[in-house]
$ cat protein_36.pdb   # PDB, N, CA and C atoms and all ligand atoms
ATOM      1  N   MET A   1       6.940   0.329   3.033
ATOM      2  CA  MET A   1       6.674  -0.190   4.380
ATOM      3  C   MET A   1       5.190  -0.429   4.604
ATOM      4  N   SER A   2       4.349   0.441   3.991
ATOM      5  CA  SER A   2       2.921   0.289   4.227
ATOM      6  C   SER A   2       2.408  -1.027   3.660
ATOM      7  N   SER A   3       3.063  -1.525   2.602
ATOM      8  CA  SER A   3       2.604  -2.791   2.038
ATOM      9  C   SER A   3       2.896  -3.945   2.996
ATOM     10  N   VAL A   4       4.021  -3.840   3.727
ATOM     11  CA  VAL A   4       4.329  -4.858   4.729
ATOM     12  C   VAL A   4       3.265  -4.819   5.822
ATOM     13  N   ILE A   5       2.942  -3.603   6.248
ATOM     14  CA  ILE A   5       1.927  -3.453   7.289
ATOM     15  C   ILE A   5       0.599  -4.032   6.808
ATOM     16  N   ASP A   6       0.240  -3.731   5.557
ATOM     17  CA  ASP A   6      -1.022  -4.258   5.024
ATOM     18  C   ASP A   6      -1.010  -5.787   4.992
ATOM     19  N   THR A   7       0.152  -6.347   4.615
ATOM     20  CA  THR A   7       0.256  -7.805   4.551
ATOM     21  C   THR A   7       0.088  -8.412   5.931
ATOM     22  N   ILE A   8       0.799  -7.848   6.908
ATOM     23  CA  ILE A   8       0.695  -8.368   8.277
ATOM     24  C   ILE A   8      -0.738  -8.242   8.776
ATOM     25  N   ARG A   9      -1.333  -7.079   8.467
ATOM     26  CA  ARG A   9      -2.706  -6.855   8.914
ATOM     27  C   ARG A   9      -3.662  -7.885   8.291
ATOM     28  N   ARG A  10      -3.436  -8.155   6.989
ATOM     29  CA  ARG A  10      -4.290  -9.139   6.317
ATOM     30  C   ARG A  10      -4.125 -10.514   6.944
ATOM     31  N   LEU A  11      -2.844 -10.879   7.203
ATOM     32  CA  LEU A  11      -2.566 -12.206   7.752
ATOM     33  C   LEU A  11      -3.193 -12.366   9.136
ATOM     34  N   LEU A  12      -3.072 -11.323   9.947
ATOM     35  CA  LEU A  12      -3.489 -11.448  11.343
ATOM     36  C   LEU A  12      -4.959 -11.119  11.549
ATOM     37  N   GLU A  13      -5.550 -10.405  10.606
ATOM     38  CA  GLU A  13      -6.934 -10.007  10.781
ATOM     39  C   GLU A  13      -7.882 -10.798   9.892
ATOM     40  N   ARG A  14      -7.344 -11.881   9.319
ATOM     41  CA  ARG A  14      -8.201 -12.705   8.481
ATOM     42  C   ARG A  14      -9.462 -13.045   9.265
ATOM     43  N   PRO A  15     -10.616 -12.700   8.720
ATOM     44  CA  PRO A  15     -11.839 -12.958   9.469
ATOM     45  C   PRO A  15     -12.041 -14.452   9.673
ATOM     46  N   ALA A  16     -12.291 -14.834  10.906
ATOM     47  CA  ALA A  16     -12.548 -16.243  11.208
ATOM     48  C   ALA A  16     -14.023 -16.369  11.573
ATOM     49  N   GLN A  17     -14.825 -16.545  10.535
ATOM     50  CA  GLN A  17     -16.272 -16.547  10.737
ATOM     51  C   GLN A  17     -16.722 -17.603  11.750
ATOM     52  N   SER A  18     -16.023 -18.749  11.752
ATOM     53  CA  SER A  18     -16.472 -19.830  12.624
ATOM     54  C   SER A  18     -16.142 -19.519  14.084
ATOM     55  N   GLU A  19     -15.093 -18.710  14.297
ATOM     56  CA  GLU A  19     -14.719 -18.372  15.669
ATOM     57  C   GLU A  19     -14.584 -16.856  15.810
ATOM     58  N   PRO A  20     -15.720 -16.166  15.845
ATOM     59  CA  PRO A  20     -15.653 -14.697  15.857
ATOM     60  C   PRO A  20     -14.905 -14.159  17.066
ATOM     61  N   GLY A  21     -14.914 -14.888  18.181
ATOM     62  CA  GLY A  21     -14.271 -14.370  19.385
ATOM     63  C   GLY A  21     -12.757 -14.385  19.304
ATOM     64  N   VAL A  22     -12.204 -15.110  18.328
ATOM     65  CA  VAL A  22     -10.756 -15.303  18.261
ATOM     66  C   VAL A  22     -10.063 -14.160  17.520
ATOM     67  N   VAL A  23     -10.847 -13.420  16.725
ATOM     68  CA  VAL A  23     -10.234 -12.353  15.931
ATOM     69  C   VAL A  23      -9.768 -11.225  16.848
ATOM     70  N   VAL A  24      -8.488 -10.944  16.780
ATOM     71  CA  VAL A  24      -7.939  -9.842  17.560
ATOM     72  C   VAL A  24      -7.594  -8.716  16.599
ATOM     73  N   PRO A  25      -8.291  -7.602  16.692
ATOM     74  CA  PRO A  25      -7.963  -6.498  15.794
ATOM     75  C   PRO A  25      -6.552  -6.002  16.054
ATOM     76  N   LEU A  26      -5.813  -5.823  14.983
ATOM     77  CA  LEU A  26      -4.429  -5.391  15.124
ATOM     78  C   LEU A  26      -4.379  -3.895  14.856
ATOM     79  N   ASP A  27      -4.194  -3.116  15.889
ATOM     80  CA  ASP A  27      -4.172  -1.669  15.706
ATOM     81  C   ASP A  27      -2.764  -1.203  15.318
ATOM     82  N   ASP A  28      -2.665   0.048  14.953
ATOM     83  CA  ASP A  28      -1.378   0.556  14.467
ATOM     84  C   ASP A  28      -0.252   0.449  15.495
ATOM     85  N   PRO A  29      -0.511   0.760  16.778
ATOM     86  CA  PRO A  29       0.572   0.595  17.760
ATOM     87  C   PRO A  29       1.078  -0.846  17.832
ATOM     88  N   SER A  30       0.171  -1.826  17.705
ATOM     89  CA  SER A  30       0.595  -3.229  17.740
ATOM     90  C   SER A  30       1.477  -3.553  16.542
ATOM     91  N   ILE A  31       1.095  -3.045  15.384
ATOM     92  CA  ILE A  31       1.883  -3.288  14.169
ATOM     93  C   ILE A  31       3.251  -2.626  14.304
ATOM     94  N   ASP A  32       3.264  -1.420  14.834
ATOM     95  CA  ASP A  32       4.543  -0.729  15.043
ATOM     96  C   ASP A  32       5.450  -1.558  15.940
ATOM     97  N   ARG A  33       4.863  -2.096  17.018
ATOM     98  CA  ARG A  33       5.651  -2.887  17.958
ATOM     99  C   ARG A  33       6.225  -4.123  17.259
ATOM    100  N   LEU A  34       5.369  -4.782  16.485
ATOM    101  CA  LEU A  34       5.770  -5.987  15.777
ATOM    102  C   LEU A  34       6.899  -5.685  14.803
ATOM    103  N   LEU A  35       6.739  -4.618  14.035
ATOM    104  CA  LEU A  35       7.765  -4.240  13.061
ATOM    105  C   LEU A  35       9.054  -3.859  13.767
ATOM    106  N   HIS A  36       8.911  -3.175  14.902
ATOM    107  CA  HIS A  36      10.086  -2.788  15.666
ATOM    108  C   HIS A  36      10.853  -4.037  16.097
ATOM    109  N   LEU A  37      10.126  -5.050  16.574
ATOM    110  CA  LEU A  37      10.775  -6.285  16.989
ATOM    111  C   LEU A  37      11.462  -6.950  15.801
ATOM    112  N   LEU A  38      10.770  -6.962  14.657
ATOM    113  CA  LEU A  38      11.336  -7.592  13.463
ATOM    114  C   LEU A  38      12.604  -6.871  13.018
ATOM    115  N   CYS A  39      12.581  -5.543  13.086
ATOM    116  CA  CYS A  39      13.721  -4.760  12.615
ATOM    117  C   CYS A  39      14.856  -4.784  13.616
ATOM    118  N   ASP A  40      14.539  -5.105  14.860
ATOM    119  CA  ASP A  40      15.515  -4.976  15.930
ATOM    120  C   ASP A  40      16.310  -6.260  16.144
ATOM    121  N   THR A  41      16.174  -7.216  15.247
ATOM    122  CA  THR A  41      16.978  -8.430  15.379
ATOM    123  C   THR A  41      18.325  -8.196  14.716
ATOM    124  N   ARG A  42      19.326  -8.909  15.190
ATOM    125  CA  ARG A  42      20.683  -8.697  14.680
ATOM    126  C   ARG A  42      21.194  -9.994  14.078
ATOM    127  N   ASP A  43      22.223  -9.852  13.236
ATOM    128  CA  ASP A  43      22.805 -11.035  12.601
ATOM    129  C   ASP A  43      23.484 -11.935  13.632
ATOM    130  N   ASP A  44      24.040 -11.289  14.679
ATOM    131  CA  ASP A  44      24.754 -12.071  15.681
ATOM    132  C   ASP A  44      23.879 -12.349  16.901
ATOM    133  N   GLU A  45      22.582 -12.317  16.698
ATOM    134  CA  GLU A  45      21.602 -12.584  17.744
ATOM    135  C   GLU A  45      21.899 -13.899  18.477
ATOM    136  N   LEU A  46      21.803 -13.871  19.819
ATOM    137  CA  LEU A  46      21.936 -15.105  20.584
ATOM    138  C   LEU A  46      20.583 -15.792  20.668
ATOM    139  N   SER A  47      20.602 -17.101  20.705
ATOM    140  CA  SER A  47      19.360 -17.834  20.937
ATOM    141  C   SER A  47      19.103 -17.893  22.440
ATOM    142  N   CYS A  48      17.888 -18.314  22.815
ATOM    143  CA  CYS A  48      17.564 -18.436  24.240
ATOM    144  C   CYS A  48      18.545 -19.396  24.923
ATOM    145  N   ASP A  49      18.875 -20.492  24.262
ATOM    146  CA  ASP A  49      19.801 -21.455  24.847
ATOM    147  C   ASP A  49      21.165 -20.826  25.087
ATOM    148  N   GLU A  50      21.606 -20.040  24.125
ATOM    149  CA  GLU A  50      22.914 -19.414  24.246
ATOM    150  C   GLU A  50      22.914 -18.378  25.377
ATOM    151  N   VAL A  51      21.808 -17.656  25.512
ATOM    152  CA  VAL A  51      21.700 -16.698  26.613
ATOM    153  C   VAL A  51      21.682 -17.451  27.939
ATOM    154  N   PHE A  52      20.920 -18.542  27.944
ATOM    155  CA  PHE A  52      20.746 -19.305  29.178
ATOM    156  C   PHE A  52      22.090 -19.788  29.732
ATOM    157  N   ILE A  53      22.954 -20.316  28.857
ATOM    158  CA  ILE A  53      24.240 -20.842  29.360
ATOM    159  C   ILE A  53      25.191 -19.722  29.767
ATOM    160  N   ARG A  54      24.887 -18.471  29.362
ATOM    161  CA  ARG A  54      25.751 -17.347  29.740
ATOM    162  C   ARG A  54      25.196 -16.568  30.930
ATOM    163  N   LEU A  55      23.985 -16.920  31.372
ATOM    164  CA  LEU A  55      23.335 -16.102  32.399
ATOM    165  C   LEU A  55      24.106 -16.106  33.723
ATOM    166  N   ASP A  56      24.659 -17.279  34.098
ATOM    167  CA  ASP A  56      25.427 -17.350  35.345
ATOM    168  C   ASP A  56      26.532 -16.308  35.349
ATOM    169  N   GLU A  57      27.290 -16.332  34.255
ATOM    170  CA  GLU A  57      28.414 -15.426  34.109
ATOM    171  C   GLU A  57      27.931 -13.970  34.120
ATOM    172  N   TYR A  58      26.822 -13.741  33.445
ATOM    173  CA  TYR A  58      26.269 -12.397  33.343
ATOM    174  C   TYR A  58      25.844 -11.878  34.718
ATOM    175  N   VAL A  59      25.157 -12.735  35.498
ATOM    176  CA  VAL A  59      24.697 -12.332  36.823
ATOM    177  C   VAL A  59      25.890 -12.103  37.754
ATOM    178  N   ASP A  60      26.899 -12.969  37.668
ATOM    179  CA  ASP A  60      28.128 -12.766  38.442
ATOM    180  C   ASP A  60      28.696 -11.387  38.164
ATOM    181  N   CYS A  61      28.699 -11.056  36.906
ATOM    182  CA  CYS A  61      29.248  -9.779  36.463
ATOM    183  C   CYS A  61      28.426  -8.622  37.034
ATOM    184  N   LEU A  62      27.105  -8.757  37.026
ATOM    185  CA  LEU A  62      26.243  -7.713  37.569
ATOM    186  C   LEU A  62      26.485  -7.538  39.060
ATOM    187  N   ILE A  63      26.596  -8.681  39.775
ATOM    188  CA  ILE A  63      26.736  -8.640  41.230
ATOM    189  C   ILE A  63      28.076  -8.037  41.632
ATOM    190  N   SER A  64      29.126  -8.458  40.948
ATOM    191  CA  SER A  64      30.466  -8.021  41.342
ATOM    192  C   SER A  64      30.805  -6.657  40.760
ATOM    193  N   HIS A  65      29.936  -6.158  39.869
ATOM    194  CA  HIS A  65      30.228  -4.916  39.151
ATOM    195  C   HIS A  65      31.626  -4.971  38.560
ATOM    196  N   GLY A  66      32.025  -6.174  38.254
ATOM    197  CA  GLY A  66      33.396  -6.362  37.796
ATOM    198  C   GLY A  66      33.476  -6.333  36.290
ATOM    199  N   GLN A  67      34.396  -7.109  35.828
ATOM    200  CA  GLN A  67      34.678  -7.179  34.411
ATOM    201  C   GLN A  67      33.412  -7.460  33.600
ATOM    202  N   VAL A  68      33.223  -6.676  32.579
ATOM    203  CA  VAL A  68      32.087  -6.876  31.684
ATOM    204  C   VAL A  68      32.381  -8.076  30.791
ATOM    205  N   VAL A  69      31.437  -9.008  30.785
ATOM    206  CA  VAL A  69      31.680 -10.179  29.941
ATOM    207  C   VAL A  69      31.540  -9.785  28.472
ATOM    208  N   GLU A  70      32.257 -10.498  27.672
ATOM    209  CA  GLU A  70      32.357 -10.168  26.247
ATOM    210  C   GLU A  70      30.983 -10.137  25.577
ATOM    211  N   SER A  71      30.135 -11.069  25.979
ATOM    212  CA  SER A  71      28.842 -11.198  25.298
ATOM    213  C   SER A  71      27.745 -10.366  25.956
ATOM    214  N   GLN A  72      28.125  -9.530  26.943
ATOM    215  CA  GLN A  72      27.107  -8.771  27.673
ATOM    216  C   GLN A  72      26.171  -7.950  26.771
ATOM    217  N   PRO A  73      26.692  -7.224  25.790
ATOM    218  CA  PRO A  73      25.767  -6.447  24.942
ATOM    219  C   PRO A  73      24.750  -7.340  24.233
ATOM    220  N   LEU A  74      25.203  -8.511  23.798
ATOM    221  CA  LEU A  74      24.300  -9.433  23.109
ATOM    222  C   LEU A  74      23.259  -9.989  24.072
ATOM    223  N   ILE A  75      23.729 -10.301  25.299
ATOM    224  CA  ILE A  75      22.804 -10.830  26.304
ATOM    225  C   ILE A  75      21.750  -9.780  26.641
ATOM    226  N   GLU A  76      22.200  -8.539  26.837
ATOM    227  CA  GLU A  76      21.248  -7.487  27.202
ATOM    228  C   GLU A  76      20.297  -7.178  26.055
ATOM    229  N   HIS A  77      20.814  -7.258  24.849
ATOM    230  CA  HIS A  77      19.945  -7.075  23.681
ATOM    231  C   HIS A  77      18.855  -8.147  23.673
ATOM    232  N   HIS A  78      19.265  -9.388  23.921
ATOM    233  CA  HIS A  78      18.300 -10.487  23.917
ATOM    234  C   HIS A  78      17.302 -10.333  25.068
ATOM    235  N   LEU A  79      17.805  -9.956  26.241
ATOM    236  CA  LEU A  79      16.916  -9.787  27.397
ATOM    237  C   LEU A  79      15.886  -8.687  27.137
ATOM    238  N   GLY A  80      16.281  -7.692  26.334
ATOM    239  CA  GLY A  80      15.359  -6.611  26.024
ATOM    240  C   GLY A  80      14.197  -7.082  25.163
ATOM    241  N   LEU A  81      14.402  -8.177  24.453
ATOM    242  CA  LEU A  81      13.373  -8.658  23.530
ATOM    243  C   LEU A  81      12.639  -9.882  24.038
ATOM    244  N   CYS A  82      13.244 -10.611  24.986
ATOM    245  CA  CYS A  82      12.738 -11.943  25.302
ATOM    246  C   CYS A  82      12.300 -12.034  26.763
ATOM    247  N   ALA A  83      10.995 -12.118  26.971
ATOM    248  CA  ALA A  83      10.447 -12.182  28.326
ATOM    249  C   ALA A  83      10.847 -13.482  29.028
ATOM    250  N   ASP A  84      10.970 -14.569  28.270
ATOM    251  CA  ASP A  84      11.342 -15.848  28.870
ATOM    252  C   ASP A  84      12.704 -15.755  29.541
ATOM    253  N   CYS A  85      13.649 -15.171  28.844
ATOM    254  CA  CYS A  85      15.000 -15.074  29.394
ATOM    255  C   CYS A  85      15.062 -14.053  30.524
ATOM    256  N   ARG A  86      14.219 -13.009  30.441
ATOM    257  CA  ARG A  86      14.146 -12.064  31.567
ATOM    258  C   ARG A  86      13.639 -12.782  32.808
ATOM    259  N   ASP A  87      12.637 -13.635  32.654
ATOM    260  CA  ASP A  87      12.126 -14.421  33.777
ATOM    261  C   ASP A  87      13.233 -15.300  34.343
ATOM    262  N   GLU A  88      13.989 -15.917  33.443
ATOM    263  CA  GLU A  88      15.078 -16.805  33.845
ATOM    264  C   GLU A  88      16.120 -16.028  34.645
ATOM    265  N   LEU A  89      16.429 -14.830  34.172
ATOM    266  CA  LEU A  89      17.404 -13.972  34.854
ATOM    267  C   LEU A  89      16.907 -13.614  36.251
ATOM    268  N   ARG A  90      15.624 -13.232  36.339
ATOM    269  CA  ARG A  90      15.065 -12.860  37.645
ATOM    270  C   ARG A  90      15.089 -14.041  38.605
ATOM    271  N   ALA A  91      14.758 -15.228  38.090
ATOM    272  CA  ALA A  91      14.758 -16.424  38.931
ATOM    273  C   ALA A  91      16.163 -16.702  39.457
ATOM    274  N   LEU A  92      17.134 -16.541  38.583
ATOM    275  CA  LEU A  92      18.530 -16.763  38.970
ATOM    276  C   LEU A  92      18.968 -15.751  40.025
ATOM    277  N   GLN A  93      18.573 -14.492  39.821
ATOM    278  CA  GLN A  93      18.943 -13.449  40.785
ATOM    279  C   GLN A  93      18.291 -13.713  42.139
ATOM    280  N   ARG A  94      17.008 -14.175  42.102
ATOM    281  CA  ARG A  94      16.330 -14.484  43.374
ATOM    282  C   ARG A  94      17.032 -15.626  44.079
ATOM    283  N   ALA A  95      17.400 -16.669  43.322
ATOM    284  CA  ALA A  95      18.066 -17.820  43.912
ATOM    285  C   ALA A  95      19.397 -17.413  44.547
ATOM    286  N   LEU A  96      20.128 -16.554  43.859
ATOM    287  CA  LEU A  96      21.414 -16.095  44.370
ATOM    288  C   LEU A  96      21.224 -15.238  45.623
ATOM    289  N   ALA A  97      20.181 -14.411  45.633
ATOM    290  CA  ALA A  97      19.909 -13.566  46.793
ATOM    291  C   ALA A  97      19.572 -14.441  47.997
ATOM    292  N   ARG A  98      18.781 -15.512  47.740
ATOM    293  CA  ARG A  98      18.434 -16.432  48.826
ATOM    294  C   ARG A  98      19.695 -17.124  49.341
ATOM    295  N   ALA A  99      20.541 -17.575  48.421
ATOM    296  CA  ALA A  99      21.770 -18.279  48.809
ATOM    297  C   ALA A  99      22.672 -17.349  49.616
ATOM    298  N   ALA A 100      22.729 -16.088  49.219
ATOM    299  CA  ALA A 100      23.556 -15.124  49.940
ATOM    300  C   ALA A 100      23.009 -14.880  51.340
ATOM    301  N   ALA A 101      21.659 -14.857  51.457
ATOM    302  CA  ALA A 101      21.035 -14.614  52.758
ATOM    303  C   ALA A 101      21.272 -15.787  53.700
ATOM    304  N   ASP A 102      21.435 -16.991  53.138
ATOM    305  CA  ASP A 102      21.655 -18.168  53.972
ATOM    306  C   ASP A 102      23.085 -18.247  54.503
ATOM    307  N   ASP A 103      23.987 -17.528  53.891
ATOM    308  CA  ASP A 103      25.387 -17.612  54.305
ATOM    309  C   ASP A 103      25.596 -17.083  55.718
TER     310      ASP A 103
HETATM  311 ZN    ZN A 201      15.304 -15.732  25.158
END
$ encode --input "protein_36.pdb" --output "structure tokens"
Amino acid sequence: MSSVIDTIRRLLERPAQSEPGVVVPLDDPSIDRLLHLLCDTRDDELSCDEVFIRLDEYVDCLISHGQVVESQPLIEHHLGLCADCRDELRALQRALARAAADD
């Protein structure tokens, strides 16, 4: 594992003499986080598009506390890793809350 870390460190810490301000030192916690993300992907991983088309159903399920949708574990796994889809989920929830308030 340390060789992977060394490789990542070499790739990301390559000195850029022409742009010294661009070099971001990669500390051990950052590498751990990166490796964790890499290891935490699954074979049946959903793409952002796939999560996006299921978000309506997922939010309905959250609101109604009803039947758990089949893909919920996959959606939640993806939401745990993907800030873009979390933003999308929050936007959808806000829109639904506004729509409910208008009723
Ligand atoms: Zn995503």
$ residues_near_ligand --input "protein_36.pdb" --ligand "ligand ZN 201 (chain A)" --cutoff "7 Å" --atoms "only N, CA and C atoms and all ligand atoms" --output "VMD selection string"
chain A and resid 46 to 49 51 to 52 78 to 79 81 to 86
$ atom_distance --input "protein_36.pdb" --atom1 "CA of Gln72 in chain A" --atom2 "CA of Ala99 in chain A"
23.8 Å
$ atom_distance --input "protein_36.pdb" --atom1 "CA of Leu62 in chain A" --atom2 "CA of Leu89 in chain A"
11.2 Å
$ axis_aligned_box --input "protein_36.pdb" --around "range 85-90 of chain A" --padding-each-side "4 Å" --output "JSON"
{"center_x": 14.8, "center_y": -14.4, "center_z": 33.7, "size_x": 13.3, "size_y": 12.7, "size_z": 17.8}
$ atom_distance --input "protein_36.pdb" --atom1 "atom C of Arg33 in chain A" --atom2 "atom C of Asp87 in chain A"
21.6 Å
$ residues_near_point --input "protein_36.pdb" --point "(0.5, 1.4, 11.2)" --cutoff "9 Å" --atoms "only C-alpha atoms" --output "list of chain:residue names"
A:Ser2, A:Ile5, A:Asp6, A:Asp27, A:Asp28, A:Pro29, A:Ser30, A:Ile31, A:Asp32
$ write_last_selection --input "protein_36.pdb" --atoms "N, CA and C atoms" --output "short mmCIF file (atom, residue, chain, number, x, y, z; two decimals), in the frame of the given file"
data_model
loop_
_atom_site.label_atom_id
_atom_site.label_comp_id
_atom_site.auth_asym_id
_atom_site.auth_seq_id
_atom_site.Cartn_x
_atom_site.Cartn_y
_atom_site.Cartn_z
N SER A 2 4.35 0.44 3.99
CA SER A 2 2.92 0.29 4.23
C SER A 2 2.41 -1.03 3.66
N ILE A 5 2.94 -3.60 6.25
CA ILE A 5 1.93 -3.45 7.29
C ILE A 5 0.60 -4.03 6.81
N ASP A 6 0.24 -3.73 5.56
CA ASP A 6 -1.02 -4.26 5.02
C ASP A 6 -1.01 -5.79 4.99
N ASP A 27 -4.19 -3.12 15.89
CA ASP A 27 -4.17 -1.67 15.71
C ASP A 27 -2.76 -1.20 15.32
N ASP A 28 -2.66 0.05 14.95
CA ASP A 28 -1.38 0.56 14.47
C ASP A 28 -0.25 0.45 15.50
N PRO A 29 -0.51 0.76 16.78
CA PRO A 29 0.57 0.60 17.76
C PRO A 29 1.08 -0.85 17.83
N SER A 30 0.17 -1.83 17.70
CA SER A 30 0.60 -3.23 17.74
C SER A 30 1.48 -3.55 16.54
N ILE A 31 1.10 -3.04 15.38
CA ILE A 31 1.88 -3.29 14.17
C ILE A 31 3.25 -2.63 14.30
N ASP A 32 3.26 -1.42 14.83
CA ASP A 32 4.54 -0.73 15.04
C ASP A 32 5.45 -1.56 15.94
#
$ decode --input "protein_36.pdb" --residues "range 71-93 of chain A" --atoms "N, CA and C atoms" --output "PDB file, in the first residue's frame"
ATOM      1  N   SER A  71     -33.290   0.842  -5.133  1.00  0.00           N
ATOM      2  CA  SER A  71     -31.932   1.349  -5.357  1.00  0.00           C
ATOM      3  C   SER A  71     -31.461   2.283  -4.247  1.00  0.00           C
ATOM      4  N   GLN A  72     -32.261   2.395  -3.167  1.00  0.00           N
ATOM      5  CA  GLN A  72     -31.908   3.344  -2.108  1.00  0.00           C
ATOM      6  C   GLN A  72     -30.484   3.164  -1.555  1.00  0.00           C
ATOM      7  N   PRO A  73     -30.054   1.944  -1.262  1.00  0.00           N
ATOM      8  CA  PRO A  73     -28.683   1.806  -0.733  1.00  0.00           C
ATOM      9  C   PRO A  73     -27.634   2.336  -1.708  1.00  0.00           C
ATOM     10  N   LEU A  74     -27.861   2.101  -2.996  1.00  0.00           N
ATOM     11  CA  LEU A  74     -26.911   2.574  -4.004  1.00  0.00           C
ATOM     12  C   LEU A  74     -26.932   4.095  -4.093  1.00  0.00           C
ATOM     13  N   ILE A  75     -28.160   4.652  -4.013  1.00  0.00           N
ATOM     14  CA  ILE A  75     -28.287   6.110  -4.074  1.00  0.00           C
ATOM     15  C   ILE A  75     -27.588   6.741  -2.873  1.00  0.00           C
ATOM     16  N   GLU A  76     -27.824   6.169  -1.691  1.00  0.00           N
ATOM     17  CA  GLU A  76     -27.217   6.746  -0.489  1.00  0.00           C
ATOM     18  C   GLU A  76     -25.704   6.577  -0.496  1.00  0.00           C
ATOM     19  N   HIS A  77     -25.258   5.464  -1.034  1.00  0.00           N
ATOM     20  CA  HIS A  77     -23.811   5.263  -1.174  1.00  0.00           C
ATOM     21  C   HIS A  77     -23.223   6.352  -2.071  1.00  0.00           C
ATOM     22  N   HIS A  78     -23.899   6.607  -3.188  1.00  0.00           N
ATOM     23  CA  HIS A  78     -23.406   7.620  -4.122  1.00  0.00           C
ATOM     24  C   HIS A  78     -23.462   9.012  -3.486  1.00  0.00           C
ATOM     25  N   LEU A  79     -24.555   9.299  -2.784  1.00  0.00           N
ATOM     26  CA  LEU A  79     -24.689  10.613  -2.145  1.00  0.00           C
ATOM     27  C   LEU A  79     -23.590  10.828  -1.103  1.00  0.00           C
ATOM     28  N   GLY A  80     -23.145   9.727  -0.485  1.00  0.00           N
ATOM     29  CA  GLY A  80     -22.092   9.839   0.511  1.00  0.00           C
ATOM     30  C   GLY A  80     -20.762  10.243  -0.108  1.00  0.00           C
ATOM     31  N   LEU A  81     -20.613   9.981  -1.393  1.00  0.00           N
ATOM     32  CA  LEU A  81     -19.337  10.255  -2.056  1.00  0.00           C
ATOM     33  C   LEU A  81     -19.379  11.474  -2.955  1.00  0.00           C
ATOM     34  N   CYS A  82     -20.584  11.886  -3.373  1.00  0.00           N
ATOM     35  CA  CYS A  82     -20.676  12.855  -4.461  1.00  0.00           C
ATOM     36  C   CYS A  82     -21.383  14.130  -4.005  1.00  0.00           C
ATOM     37  N   ALA A  83     -20.617  15.204  -3.884  1.00  0.00           N
ATOM     38  CA  ALA A  83     -21.169  16.480  -3.428  1.00  0.00           C
ATOM     39  C   ALA A  83     -22.160  17.053  -4.444  1.00  0.00           C
ATOM     40  N   ASP A  84     -21.918  16.814  -5.731  1.00  0.00           N
ATOM     41  CA  ASP A  84     -22.815  17.335  -6.759  1.00  0.00           C
ATOM     42  C   ASP A  84     -24.222  16.784  -6.578  1.00  0.00           C
ATOM     43  N   CYS A  85     -24.311  15.494  -6.363  1.00  0.00           N
ATOM     44  CA  CYS A  85     -25.627  14.873  -6.218  1.00  0.00           C
ATOM     45  C   CYS A  85     -26.266  15.241  -4.884  1.00  0.00           C
ATOM     46  N   ARG A  86     -25.430  15.457  -3.854  1.00  0.00           N
ATOM     47  CA  ARG A  86     -25.985  15.941  -2.579  1.00  0.00           C
ATOM     48  C   ARG A  86     -26.602  17.316  -2.778  1.00  0.00           C
ATOM     49  N   ASP A  87     -25.936  18.182  -3.529  1.00  0.00           N
ATOM     50  CA  ASP A  87     -26.482  19.506  -3.831  1.00  0.00           C
ATOM     51  C   ASP A  87     -27.806  19.366  -4.568  1.00  0.00           C
ATOM     52  N   GLU A  88     -27.832  18.447  -5.528  1.00  0.00           N
ATOM     53  CA  GLU A  88     -29.033  18.218  -6.329  1.00  0.00           C
ATOM     54  C   GLU A  88     -30.182  17.764  -5.432  1.00  0.00           C
ATOM     55  N   LEU A  89     -29.867  16.874  -4.504  1.00  0.00           N
ATOM     56  CA  LEU A  89     -30.874  16.365  -3.565  1.00  0.00           C
ATOM     57  C   LEU A  89     -31.417  17.502  -2.706  1.00  0.00           C
ATOM     58  N   ARG A  90     -30.503  18.340  -2.192  1.00  0.00           N
ATOM     59  CA  ARG A  90     -30.937  19.457  -1.344  1.00  0.00           C
ATOM     60  C   ARG A  90     -31.818  20.423  -2.123  1.00  0.00           C
ATOM     61  N   ALA A  91     -31.439  20.689  -3.376  1.00  0.00           N
ATOM     62  CA  ALA A  91     -32.224  21.600  -4.208  1.00  0.00           C
ATOM     63  C   ALA A  91     -33.627  21.041  -4.427  1.00  0.00           C
ATOM     64  N   LEU A  92     -33.686  19.748  -4.671  1.00  0.00           N
ATOM     65  CA  LEU A  92     -34.978  19.089  -4.885  1.00  0.00           C
ATOM     66  C   LEU A  92     -35.833  19.149  -3.622  1.00  0.00           C
ATOM     67  N   GLN A  93     -35.194  18.906  -2.475  1.00  0.00           N
ATOM     68  CA  GLN A  93     -35.934  18.946  -1.209  1.00  0.00           C
ATOM     69  C   GLN A  93     -36.446  20.356  -0.929  1.00  0.00           C
TER      70      GLN A  93
END
